[in-house]
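A short worksheet on the structure shown next.
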Amino acid sequence: MSKQIIVIGAGPGGLASAMLLASKGYDVKVYEKQSYIGGRNSELCLGEFKFDMGPTFLSMPHIIEEIFAASKRNMYDYLNLIELKSMYELIFEDKKLVMTRNQEQMREQIESVYPGNGSGYDRFMKETARKLIALTPILQSKMDRFIHLFQPKVIKAVKDLEINNSLHDVLSRYFNEEELKLAFTFQSKYLGMSPWECPGAFAILSYMEHAYGIFHPIGGLNELSKAMAKVIEEYGGEIHTGNGVKKLWIEGKTVKGVDLESGERIKADDVIINGDFSYVMTNLVEEHQLKKYSTRKLEKKKYSCSTFILYLGLNKCFDLPHHTIIFSKDYKRNVEEITNLRILSENPSIYIQNASVTDPTLAPKGKSSLYVLAPVPNNFSEIDWEREKKSFRKLILKTIEQKTGLVNIEEYIEVEKMITPSNWEKDIFVYKGATFNLGHQLSQMMMFRPHNQFEELHSCWLVGGGTHPGSGLPTILESARITVNGILSKDRKEAVPVAPLPAMGGL
């Protein structure tokens, strides 16, 4: 009889785990509280307009390719990926940069806009390539014991962890212009962190984009979730949406299965948790059953920022790149207000996705789907979003009009949806609305992060941004591979292979 696996949550980490295990012959059942699959990587439809709910950047697609191959499937049979030759446009106070992974063009543009910094870009690419090679084995293997910190691959990578340097410190080695430093450090926002606090090791984030490119799946990044769900069902796995887990079924310190909100109790040999880590541990587990991650201790952890998002269906096509990032005039102040002061900024930074310029499937002809995001404080701030959301929305749209030249946006809005930190917490079950999960300070990384084989409960495993190696779609998929290999190892089955980094340029 096949071993039974329950996956709580149909986010990308849970779906990847379920896909890999189903392909290995396990009896897999996924239970999802929402009526849709994908978690934060789901599709959001407003009439004829389609959006990604959360992630919109796809980098390192070779990881997806490997996970599909390990499931005996070809990624290209399920996804149509388009590479964005112009990855994104950065808008500063009086300058613009169009980022590309064509190194010659990138160097020339840097020299044109910021003379004397082209050689710094070359050094950054060369030195960070080595750093990524050194750090990749850590990101691809479990880190749940002190002894793992003393493995040769970790000791070899200690220098590259940049323990005493922030991300901003690291980029200051390469560029003398503050705006250029920001151009290669804003990726810390993928972790919900400040570049002045984010560990320097995460310089690999911008390198990965410049080395391997940015891609868009036709239909949106949510198509990845749909593709993995399809493979799960092809192997006989089950995905139950609108069927949430009320509690973990725990006897002693062993998870025996789950109690569903419907009242049904389902037994399993192993349970994989893909729900938001702190939300799950404060809602699906009784307080007395945890010590290290009790409710009181979870409240004292460090968490990422949150996000304010507008999904706008417009009856006009705007001349705007696929990805645009508008930097606050005082970016450091803006980040400080988000992460430490926990107040709403009067001069926010804004990300805009205008994916309709690449993908005609997202909106009717002559119309467009515009995704607008501003990083904001998480709900430890106690901001009253019911009171603030209208004025903050107005500020966001006004800033876009001033910085991009898109005038009178309000006139073209046919449909609209807003997600605030309050919505993230109440409707999407994200602890304190911290969209990018637990913070990525070194004190909460590697073995100091909740372990993939959860340390407080037996037969319980974690995937997603709340476990090792951390947030961001590529690392979440790596968490699935690590967790699945842990289960396969326990059951003495052949591991999911981990390929070496492909040559720069990706696919």
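As shown in the structure tokens, the chain order sets the letters A, B, ...; within each chain, residues go from 1, and ligands are also counted from 1 in the order they appear.
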Requested in this report: Give the helix (DSSP H, G or I) residues of range 178-370 of chain A, as assigned by DSSP on the backbone, as a ChimeraX atom specification.
Outcome: /A:178-183,186-191,200-212,222-234,277-283,287-289,295-299,331-341,355-357,360-362
Query - For Asn378 in chain A: contacts at 7 Å, only C-alpha atoms, fewer than 4 positions along chain excluded, given as a list in words - result: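 Counting only the stated atoms, we get Cys305, Ser306, Pro421, Lys432, Gly433 and Ala434 of chain A.
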Requested in this report: Pick out the closest residue to Glu238 in chain A from this set: A:Asn222, A:Phe202, A:Leu139, A:Tyr26. Count only C-alpha atoms.
Outcome: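 Distance minimum relative to Glu238 in chain A lands on A:Tyr26.
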Query raised in the report: Neighbours of Gly213 in chain A within 10 Å (only C-alpha atoms; same-chain residues fewer than 4 positions away dropped), as a PyMOL selection string?
Result: chain A and resi 57-61+83-87+100-102+206-209+504-507
Report task. Find the spatial neighbours of Phe186 in chain A, counting only C-alpha atoms, within a cut-off of 12 Å - ignore same-chain residues fewer than 3 positions away - and output them as a PyMOL selection string. Result -> chain A and resi 90+167-168+171+178-183+189-198+202-203+205-206+325-328+331-332+335+349-351+375
Query - Selected residue, from A:Ser304, A:Ser2, A:Ser262, A:Ser188, that lies nearest to Ala22 in chain A when counting only C-alpha atoms - result: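 The closest residue to Ala22 in chain A is A:Ser2.
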**Report entry** All residues 9 Å or closer to range 356-360 of chain A, only C-alpha atoms, same chain fewer than 5 positions away omitted, as a ChimeraX atom specification
**Finding:** /A:82,84,216-220,317-322,365,367-370
Query raised in the report: When distances are computed from only C-alpha atoms, which of A:Gly252, A:Pro469, A:Gly25, A:Gly13 shows the smallest separation from Arg449 in chain A?
Result: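 Among the listed residues, the smallest separation from Arg449 in chain A belongs to A:Pro469.
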Query raised in the report: With only C-alpha atoms as the basis for distance, which of A:Leu344, A:Pro474, A:Ile409, A:Glu264 is at the shortest distance from Ser391 in chain A?
Result: A:Leu344
**Report entry** Neighbour list for Leu438 in chain A as a ChimeraX atom specification, cut-off 12 Å, only C-alpha atoms, skip fewer than 3 positions in-chain
**Finding:** /A:191-193,276-279,298-306,378,430-435,441-445,448-450,464-472
Report task. Considering only C-alpha atoms, return as a PyMOL selection string whatever protein or nucleic-acid residues lie within 9 Å of Thr128 in chain A, sequence-local ones (same chain, fewer than 4 positions apart) excluded. Result -> chain A and resi 123-124+132-133+160+203-204+207
Query raised in the report: From the set A:Met228, A:Val496, A:Leu97, A:Leu284, which residue has the shortest atom-to-atom contact distance to Ser112 in chain A, counting only C-alpha atoms?
Result: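 Closest to Ser112 in chain A of all the choices is A:Leu97.
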Report task. Determine the nearest neighbour of His451 in chain A from the options A:Arg481, A:Lys142, A:Lys398, A:Lys490, counting only C-alpha atoms. Result ->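 Residue with the minimum atom-to-atom distance to His451 in chain A: A:Lys142.
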Query raised in the report: Mind pulling up the distance from CA of Ile476 in chain A to CA of Thr420 in chain A?
Result: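 Answer for the CA of Thr420 in chain A to CA of Ile476 in chain A separation: 23.2 Å.
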Requested in this report: Record the distance separating CA of Asp384 in chain A and CA of Asn334 in chain A, expressed in Å with one decimal.
Outcome: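 About the pair CA of Asp384 in chain A and CA of Asn334 in chain A: they are 19.1 Å apart.
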